[in-house]
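start_35.txt follows (compact mmCIF, C-alpha atoms):
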```txt
# COMPACT_ATOMS: atom_id res chain seq x y z
CA MET A 164 -18.76 -10.62 -1.82
CA ASN A 165 -22.28 -11.59 -0.75
CA PHE A 166 -23.97 -14.52 -2.55
CA PRO A 167 -27.76 -14.84 -2.74
CA ARG A 168 -29.30 -17.23 -0.24
CA LEU A 169 -30.80 -20.29 -1.94
CA SER A 170 -34.00 -21.86 -0.76
CA PRO A 171 -34.00 -25.54 0.37
CA ALA A 172 -35.87 -26.49 -2.82
CA CYS A 173 -33.21 -24.86 -5.00
CA LEU A 174 -30.42 -26.57 -3.05
CA LEU A 175 -32.11 -29.97 -3.52
CA ALA A 176 -32.54 -29.38 -7.25
CA LEU A 177 -28.90 -28.36 -7.59
CA ALA A 178 -27.68 -31.44 -5.67
CA SER A 179 -29.83 -33.74 -7.84
CA ALA A 180 -28.46 -32.18 -11.01
CA LEU A 181 -24.88 -32.64 -9.83
CA LEU A 182 -25.57 -36.26 -8.85
CA LEU A 183 -27.15 -37.10 -12.20
CA GLY A 184 -24.32 -35.38 -14.02
CA GLY A 185 -21.76 -37.44 -12.10
CA CYS A 186 -23.58 -40.68 -12.90
CA ALA A 187 -23.80 -39.82 -16.58
CA SER A 188 -20.09 -39.12 -16.78
CA ARG A 189 -19.21 -42.62 -15.60
CA GLY A 190 -20.89 -44.29 -18.56
CA PRO A 191 -23.05 -47.45 -18.62
CA LEU A 192 -22.72 -50.04 -15.88
CA PRO A 193 -20.88 -53.21 -17.02
CA THR A 194 -22.75 -56.40 -17.84
CA PHE A 195 -21.31 -59.61 -16.36
CA TYR A 196 -21.31 -63.08 -17.95
CA ASP A 197 -20.35 -66.64 -17.04
CA PHE A 198 -20.90 -70.10 -18.55
CA GLY A 199 -24.34 -70.61 -17.06
CA PRO A 200 -25.38 -73.77 -15.20
CA ALA A 201 -23.54 -76.95 -16.16
CA ALA A 202 -26.60 -79.05 -16.87
CA PRO A 203 -26.04 -82.74 -17.66
CA SER A 204 -25.42 -83.08 -21.37
CA ALA A 205 -24.88 -85.75 -23.97
CA ALA A 206 -21.26 -84.62 -24.13
CA ALA A 207 -20.53 -86.19 -20.74
CA GLN A 208 -19.01 -89.65 -21.24
CA PRO A 209 -19.13 -92.63 -18.86
CA ALA A 210 -16.35 -92.70 -16.30
CA PRO A 211 -13.12 -93.95 -17.84
CA PRO A 212 -12.34 -97.18 -15.92
CA THR A 213 -8.61 -96.37 -15.82
CA VAL A 214 -9.19 -93.02 -14.05
CA PRO A 215 -11.59 -93.58 -11.12
CA VAL A 216 -10.02 -90.71 -9.13
CA LEU A 217 -8.32 -87.69 -10.67
CA VAL A 218 -6.62 -84.59 -9.30
CA ILE A 219 -7.30 -81.59 -11.54
CA ALA A 220 -5.06 -78.59 -10.94
CA ASP A 221 -6.33 -75.08 -11.62
CA ALA A 222 -5.64 -74.03 -15.20
CA ASN A 223 -2.59 -71.95 -16.07
CA GLY A 224 -2.45 -69.42 -18.88
CA PRO A 225 -1.37 -65.97 -20.03
CA SER A 226 -1.90 -63.05 -17.65
CA TRP A 227 -4.69 -61.52 -19.75
CA LEU A 228 -6.85 -64.56 -18.97
CA ASP A 229 -6.45 -63.91 -15.25
CA SER A 230 -8.67 -60.82 -15.31
CA GLN A 231 -12.42 -60.34 -15.72
CA ARG A 232 -12.11 -58.55 -19.07
CA MET A 233 -13.75 -60.11 -22.13
CA TYR A 234 -11.51 -60.06 -25.21
CA TYR A 235 -12.20 -60.38 -28.93
CA ARG A 236 -10.18 -60.31 -32.15
CA LEU A 237 -11.06 -58.77 -35.50
CA LEU A 238 -9.51 -61.35 -37.80
CA TYR A 239 -10.52 -59.37 -40.87
CA ALA A 240 -8.71 -56.24 -39.62
CA ASP A 241 -5.83 -57.14 -37.29
CA ALA A 242 -5.63 -60.74 -36.07
CA GLN A 243 -2.61 -59.94 -33.88
CA GLN A 244 -4.50 -57.49 -31.68
CA SER A 245 -6.86 -58.55 -28.90
CA ARG A 246 -9.36 -55.93 -27.80
CA PRO A 247 -11.39 -55.76 -24.56
CA TYR A 248 -15.10 -55.03 -24.54
CA ALA A 249 -15.74 -51.66 -22.91
CA TYR A 250 -18.81 -52.53 -20.79
CA ASN A 251 -18.82 -56.33 -20.60
CA ARG A 252 -17.00 -58.49 -18.07
CA TRP A 253 -16.72 -62.09 -16.92
CA ASN A 254 -18.02 -62.82 -13.42
CA THR A 255 -14.68 -64.45 -12.65
CA PRO A 256 -11.47 -64.67 -14.72
CA PRO A 257 -11.62 -67.13 -17.66
CA LEU A 258 -8.93 -69.37 -16.16
CA GLN A 259 -11.17 -69.94 -13.14
CA LEU A 260 -14.30 -70.36 -15.25
CA LEU A 261 -12.63 -72.95 -17.47
CA SER A 262 -11.06 -74.80 -14.53
CA GLN A 263 -14.41 -75.14 -12.78
CA ARG A 264 -16.22 -76.18 -15.94
CA LEU A 265 -13.72 -78.95 -16.72
CA LYS A 266 -13.85 -80.22 -13.13
CA THR A 267 -17.65 -80.24 -13.21
CA ARG A 268 -17.86 -82.10 -16.51
CA VAL A 269 -15.28 -84.70 -15.44
CA ALA A 270 -17.13 -85.22 -12.16
CA GLN A 271 -20.45 -85.58 -14.03
CA SER A 272 -18.89 -88.47 -15.96
CA GLY A 273 -18.45 -90.41 -12.71
CA VAL A 274 -14.79 -89.66 -11.99
CA LYS A 275 -14.04 -88.55 -8.44
CA VAL A 276 -12.37 -85.15 -8.79
CA LEU A 277 -10.00 -83.83 -6.12
CA SER A 278 -8.07 -80.59 -5.79
CA ALA A 279 -4.29 -80.54 -5.51
CA THR A 280 -4.50 -79.63 -1.81
CA ASP A 281 -6.84 -82.52 -0.95
CA ALA A 282 -5.11 -85.30 -2.88
CA ALA A 283 -2.84 -87.98 -1.52
CA ALA A 284 0.60 -88.47 -3.02
CA GLY A 285 0.78 -90.61 -6.15
CA MET A 286 -2.74 -89.91 -7.46
CA PRO A 287 -3.07 -89.14 -11.19
CA LEU A 288 -2.88 -85.39 -11.75
CA LEU A 289 -4.21 -83.48 -14.73
CA ARG A 290 -2.57 -80.15 -15.54
CA ILE A 291 -4.20 -77.69 -17.96
CA ASP A 292 -2.30 -74.94 -19.81
CA VAL A 293 -4.58 -72.59 -21.75
CA ASP A 294 -3.24 -71.06 -24.97
CA ASP A 295 -6.30 -69.20 -26.22
CA PHE A 296 -9.75 -68.26 -24.99
CA SER A 297 -11.29 -65.54 -27.15
CA GLN A 298 -14.09 -64.48 -29.45
CA ASN A 299 -12.92 -64.14 -33.04
CA PHE A 300 -14.75 -62.04 -35.65
CA ASP A 301 -14.39 -63.22 -39.26
CA THR A 302 -16.60 -60.32 -40.37
CA GLN A 303 -18.41 -57.52 -38.57
CA SER A 304 -21.51 -59.69 -38.21
CA HIS A 305 -20.07 -63.18 -37.68
CA SER A 306 -17.90 -64.45 -34.82
CA SER A 307 -16.98 -67.66 -33.02
CA GLY A 308 -15.65 -68.68 -29.63
CA HIS A 309 -12.25 -70.38 -29.67
CA VAL A 310 -10.64 -72.37 -26.85
CA SER A 311 -7.23 -74.02 -27.11
CA LEU A 312 -5.41 -75.81 -24.30
CA ARG A 313 -2.77 -78.40 -23.55
CA ALA A 314 -3.59 -81.23 -21.12
CA SER A 315 -0.83 -83.17 -19.35
CA LEU A 316 -1.49 -86.23 -17.21
CA PHE A 317 1.04 -87.10 -14.51
CA ARG A 318 1.47 -89.92 -12.02
CA GLY A 319 3.92 -88.74 -9.39
CA HIS A 320 6.66 -86.98 -11.38
CA ARG A 321 6.11 -89.16 -14.43
CA LEU A 322 4.38 -87.77 -17.51
CA ILE A 323 1.84 -90.33 -18.75
CA ASP A 324 0.67 -88.44 -21.82
CA GLN A 325 0.05 -84.95 -23.19
CA LYS A 326 -2.35 -83.69 -25.82
CA THR A 327 -3.49 -80.36 -27.27
CA PHE A 328 -7.22 -79.69 -27.67
CA SER A 329 -8.86 -76.94 -29.73
CA ARG A 330 -12.53 -76.22 -30.24
CA SER A 331 -14.45 -73.43 -31.96
CA GLY A 332 -18.16 -72.74 -32.09
CA PRO A 333 -20.26 -70.07 -33.84
CA ALA A 334 -21.68 -67.24 -31.75
CA GLY A 335 -25.41 -66.68 -31.97
CA SER A 336 -24.91 -62.92 -32.02
CA ALA A 337 -22.04 -60.58 -32.88
CA ASP A 338 -21.62 -59.26 -29.35
CA ALA A 339 -20.33 -60.19 -25.89
CA GLN A 340 -23.40 -62.29 -25.07
CA GLY A 341 -22.94 -64.40 -28.19
CA GLY A 342 -19.23 -64.76 -27.41
CA ALA A 343 -19.92 -65.95 -23.86
CA GLN A 344 -22.34 -68.60 -25.12
CA ALA A 345 -19.94 -69.77 -27.84
CA LEU A 346 -17.02 -70.02 -25.40
CA ALA A 347 -19.13 -72.01 -22.94
CA ALA A 348 -20.09 -74.46 -25.71
CA ALA A 349 -16.47 -74.77 -26.88
CA SER A 350 -15.34 -75.45 -23.30
CA ASP A 351 -17.95 -78.19 -22.91
CA ALA A 352 -16.82 -79.76 -26.19
CA ILE A 353 -13.21 -79.78 -25.01
CA ALA A 354 -14.32 -81.41 -21.74
CA ALA A 355 -15.92 -84.22 -23.77
CA ASP A 356 -12.74 -84.62 -25.85
CA LEU A 357 -10.70 -84.68 -22.66
CA LEU A 358 -12.81 -87.49 -21.19
CA THR A 359 -12.49 -89.54 -24.37
CA TRP A 360 -8.70 -89.09 -24.28
CA LEU A 361 -8.49 -90.08 -20.61
CA GLY A 362 -10.42 -93.24 -21.37
CA THR A 363 -7.71 -94.37 -23.80
CA LEU A 364 -4.82 -94.04 -21.33
CA ALA A 365 -3.27 -96.86 -19.32
CA ILE A 366 -2.13 -95.36 -16.04
CA PRO A 367 0.60 -97.39 -14.32
CA LYS A 368 0.31 -98.06 -10.60
CA GLU A 369 2.80 -96.56 -8.20
```
Before anything else, please render the file you have as structure tokens.
Amino acid sequence: MNFPRLSPACLLALASALLLGGCASRGPLPTFYDFGPAAPSAAAQPAPPTVPVLVIADANGPSWLDSQRMYYRLLYADAQQSRPYAYNRWNTPPLQLLSQRLKTRVAQSGVKVLSATDAAAGMPLLRIDVDDFSQNFDTQSHSSGHVSLRASLFRGHRLIDQKTFSRSGPAGSADAQGGAQALAAASDAIAADLLTWLGTLAIPKE
């Protein structure tokens, strides 16, 4: 069977149409969020005198917090189900975002912060276990960012103290952008609570 010969202009138009059709089928490009710059804030407390140097391990948590997906819950519909946004993502997984934010805020307070690989044996070590990090909708138009974690301070193999911290903050808008801002604020508030707690602890010498 012989097919009609197409002119170069027709071939270009056909290729453009196929390309545009392929792009449209993939849907919108995702929007990426993080906590924004960690500017000095009133939440940062003076360096606790009992913790001049602190090793902060990277945060642990459930596997769904180790991906770039942004999750929310509809408390008014099904509080047991977490749902991912379709076209919104974190720049890096929440566990990494939260780890870096806590380290930055503790360092801003005057404490020298080291990683687990750089620390000498016997230095105080702070371990963070994250229980929740999500945007919760009370209604279709109102949501808040909620962060809950457990902090454990060790010296060598000895547990000095352990405490659970939870913070929630209202989102400025009922979408992923509002959730990202609310979660950043809640994380900063927990960092301030963490510094206050560290300042109350008496850490024994090795």
query: By how many Å are CA of Pro200 (chain A) and CA of Leu316 (chain A) apart?
result: 27.0 Å
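With only C-alpha atoms taken into account, the protein and nucleic acid residues at most 8 Å from Thr302 (chain A) (excluding it and anything under 2 positions from it in its own chain) are Leu237, Leu238, Tyr239, Phe300, Ser304, His305 and Ser306 of chain A.
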Just the residues within 12 Å of Gly341 (chain A), please, counting only C-alpha atoms, with nothing from its chain fewer than 4 positions along; format it as a PDB file with C-alpha atoms, in the frame of the given file.
```
ATOM      1  CA  TYR A 196     -21.310 -63.080 -17.950  1.00  0.00           C
ATOM      2  CA  ASP A 197     -20.350 -66.640 -17.040  1.00  0.00           C
ATOM      3  CA  PHE A 198     -20.900 -70.100 -18.550  1.00  0.00           C
ATOM      4  CA  MET A 233     -13.750 -60.110 -22.130  1.00  0.00           C
ATOM      5  CA  TYR A 235     -12.200 -60.380 -28.930  1.00  0.00           C
ATOM      6  CA  ASN A 251     -18.820 -56.330 -20.600  1.00  0.00           C
ATOM      7  CA  SER A 297     -11.290 -65.540 -27.150  1.00  0.00           C
ATOM      8  CA  GLN A 298     -14.090 -64.480 -29.450  1.00  0.00           C
ATOM      9  CA  ASN A 299     -12.920 -64.140 -33.040  1.00  0.00           C
ATOM     10  CA  PHE A 300     -14.750 -62.040 -35.650  1.00  0.00           C
ATOM     11  CA  SER A 304     -21.510 -59.690 -38.210  1.00  0.00           C
ATOM     12  CA  HIS A 305     -20.070 -63.180 -37.680  1.00  0.00           C
ATOM     13  CA  SER A 306     -17.900 -64.450 -34.820  1.00  0.00           C
ATOM     14  CA  SER A 307     -16.980 -67.660 -33.020  1.00  0.00           C
ATOM     15  CA  GLY A 308     -15.650 -68.680 -29.630  1.00  0.00           C
ATOM     16  CA  GLY A 332     -18.160 -72.740 -32.090  1.00  0.00           C
ATOM     17  CA  PRO A 333     -20.260 -70.070 -33.840  1.00  0.00           C
ATOM     18  CA  ALA A 334     -21.680 -67.240 -31.750  1.00  0.00           C
ATOM     19  CA  GLY A 335     -25.410 -66.680 -31.970  1.00  0.00           C
ATOM     20  CA  SER A 336     -24.910 -62.920 -32.020  1.00  0.00           C
ATOM     21  CA  ALA A 337     -22.040 -60.580 -32.880  1.00  0.00           C
ATOM     22  CA  ALA A 345     -19.940 -69.770 -27.840  1.00  0.00           C
ATOM     23  CA  LEU A 346     -17.020 -70.020 -25.400  1.00  0.00           C
ATOM     24  CA  ALA A 347     -19.130 -72.010 -22.940  1.00  0.00           C
ATOM     25  CA  ALA A 348     -20.090 -74.460 -25.710  1.00  0.00           C
TER      26      ALA A 348
END
```
message: Env of Leu364 (chain A): 12 Å cut, atoms = all atoms listed in the file, seq-sep filter 4 positions within chain, self excluded. Answer as an MDAnalysis selection string.
response: chainID A and resid 211:214 287 315:318 322:326 357:360
Export of the given selection (C-alpha atoms) as a PDB file, in the frame of the given file:
```
ATOM      1  CA  PRO A 211     -13.120 -93.950 -17.840  1.00  0.00           C
ATOM      2  CA  PRO A 212     -12.340 -97.180 -15.920  1.00  0.00           C
ATOM      3  CA  THR A 213      -8.610 -96.370 -15.820  1.00  0.00           C
ATOM      4  CA  VAL A 214      -9.190 -93.020 -14.050  1.00  0.00           C
ATOM      5  CA  PRO A 287      -3.070 -89.140 -11.190  1.00  0.00           C
ATOM      6  CA  SER A 315      -0.830 -83.170 -19.350  1.00  0.00           C
ATOM      7  CA  LEU A 316      -1.490 -86.230 -17.210  1.00  0.00           C
ATOM      8  CA  PHE A 317       1.040 -87.100 -14.510  1.00  0.00           C
ATOM      9  CA  ARG A 318       1.470 -89.920 -12.020  1.00  0.00           C
ATOM     10  CA  LEU A 322       4.380 -87.770 -17.510  1.00  0.00           C
ATOM     11  CA  ILE A 323       1.840 -90.330 -18.750  1.00  0.00           C
ATOM     12  CA  ASP A 324       0.670 -88.440 -21.820  1.00  0.00           C
ATOM     13  CA  GLN A 325       0.050 -84.950 -23.190  1.00  0.00           C
ATOM     14  CA  LYS A 326      -2.350 -83.690 -25.820  1.00  0.00           C
ATOM     15  CA  LEU A 357     -10.700 -84.680 -22.660  1.00  0.00           C
ATOM     16  CA  LEU A 358     -12.810 -87.490 -21.190  1.00  0.00           C
ATOM     17  CA  THR A 359     -12.490 -89.540 -24.370  1.00  0.00           C
ATOM     18  CA  TRP A 360      -8.700 -89.090 -24.280  1.00  0.00           C
TER      19      TRP A 360
END
```
- request: Just the residues within 10 Å of Trp227 (chain A), please, counting only C-alpha atoms, with nothing from its chain fewer than 3 positions along; format it as a ChimeraX atom specification.
  value: /A:224,230-234,245,256-258,296
Atoms to include: C-alpha atoms. Write the selected residues as a PDB file, in the coordinates of the input.
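Writing done, so here's out.pdb:
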```pdb
ATOM      1  CA  GLY A 224      -2.450 -69.420 -18.880  1.00  0.00           C
ATOM      2  CA  SER A 230      -8.670 -60.820 -15.310  1.00  0.00           C
ATOM      3  CA  GLN A 231     -12.420 -60.340 -15.720  1.00  0.00           C
ATOM      4  CA  ARG A 232     -12.110 -58.550 -19.070  1.00  0.00           C
ATOM      5  CA  MET A 233     -13.750 -60.110 -22.130  1.00  0.00           C
ATOM      6  CA  TYR A 234     -11.510 -60.060 -25.210  1.00  0.00           C
ATOM      7  CA  SER A 245      -6.860 -58.550 -28.900  1.00  0.00           C
ATOM      8  CA  PRO A 256     -11.470 -64.670 -14.720  1.00  0.00           C
ATOM      9  CA  PRO A 257     -11.620 -67.130 -17.660  1.00  0.00           C
ATOM     10  CA  LEU A 258      -8.930 -69.370 -16.160  1.00  0.00           C
ATOM     11  CA  PHE A 296      -9.750 -68.260 -24.990  1.00  0.00           C
TER      12      PHE A 296
END
```
message: Under the rule that all atoms listed in the file are counted, which of A:Ser350, A:Gln244, A:Ser272, A:Thr255 is the nearest residue to Pro215 (chain A)?
response: A:Ser272
message: Can you measure CA of Arg246 (chain A) to CA of Pro225 (chain A) for me? One decimal in Å is fine.
response: 15.0 Å
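With distances restricted to all atoms listed in the file, A:Val216 is the closest residue to Gly273 (chain A) from A:Gly342, A:Asp356, A:Val216, A:Leu361.
For the set A:Thr194, A:Gln263, A:Ser311, A:Thr280, the residue with the smallest atom-to-atom gap to Ala339 (chain A) is A:Thr194, counting all atoms listed in the file.
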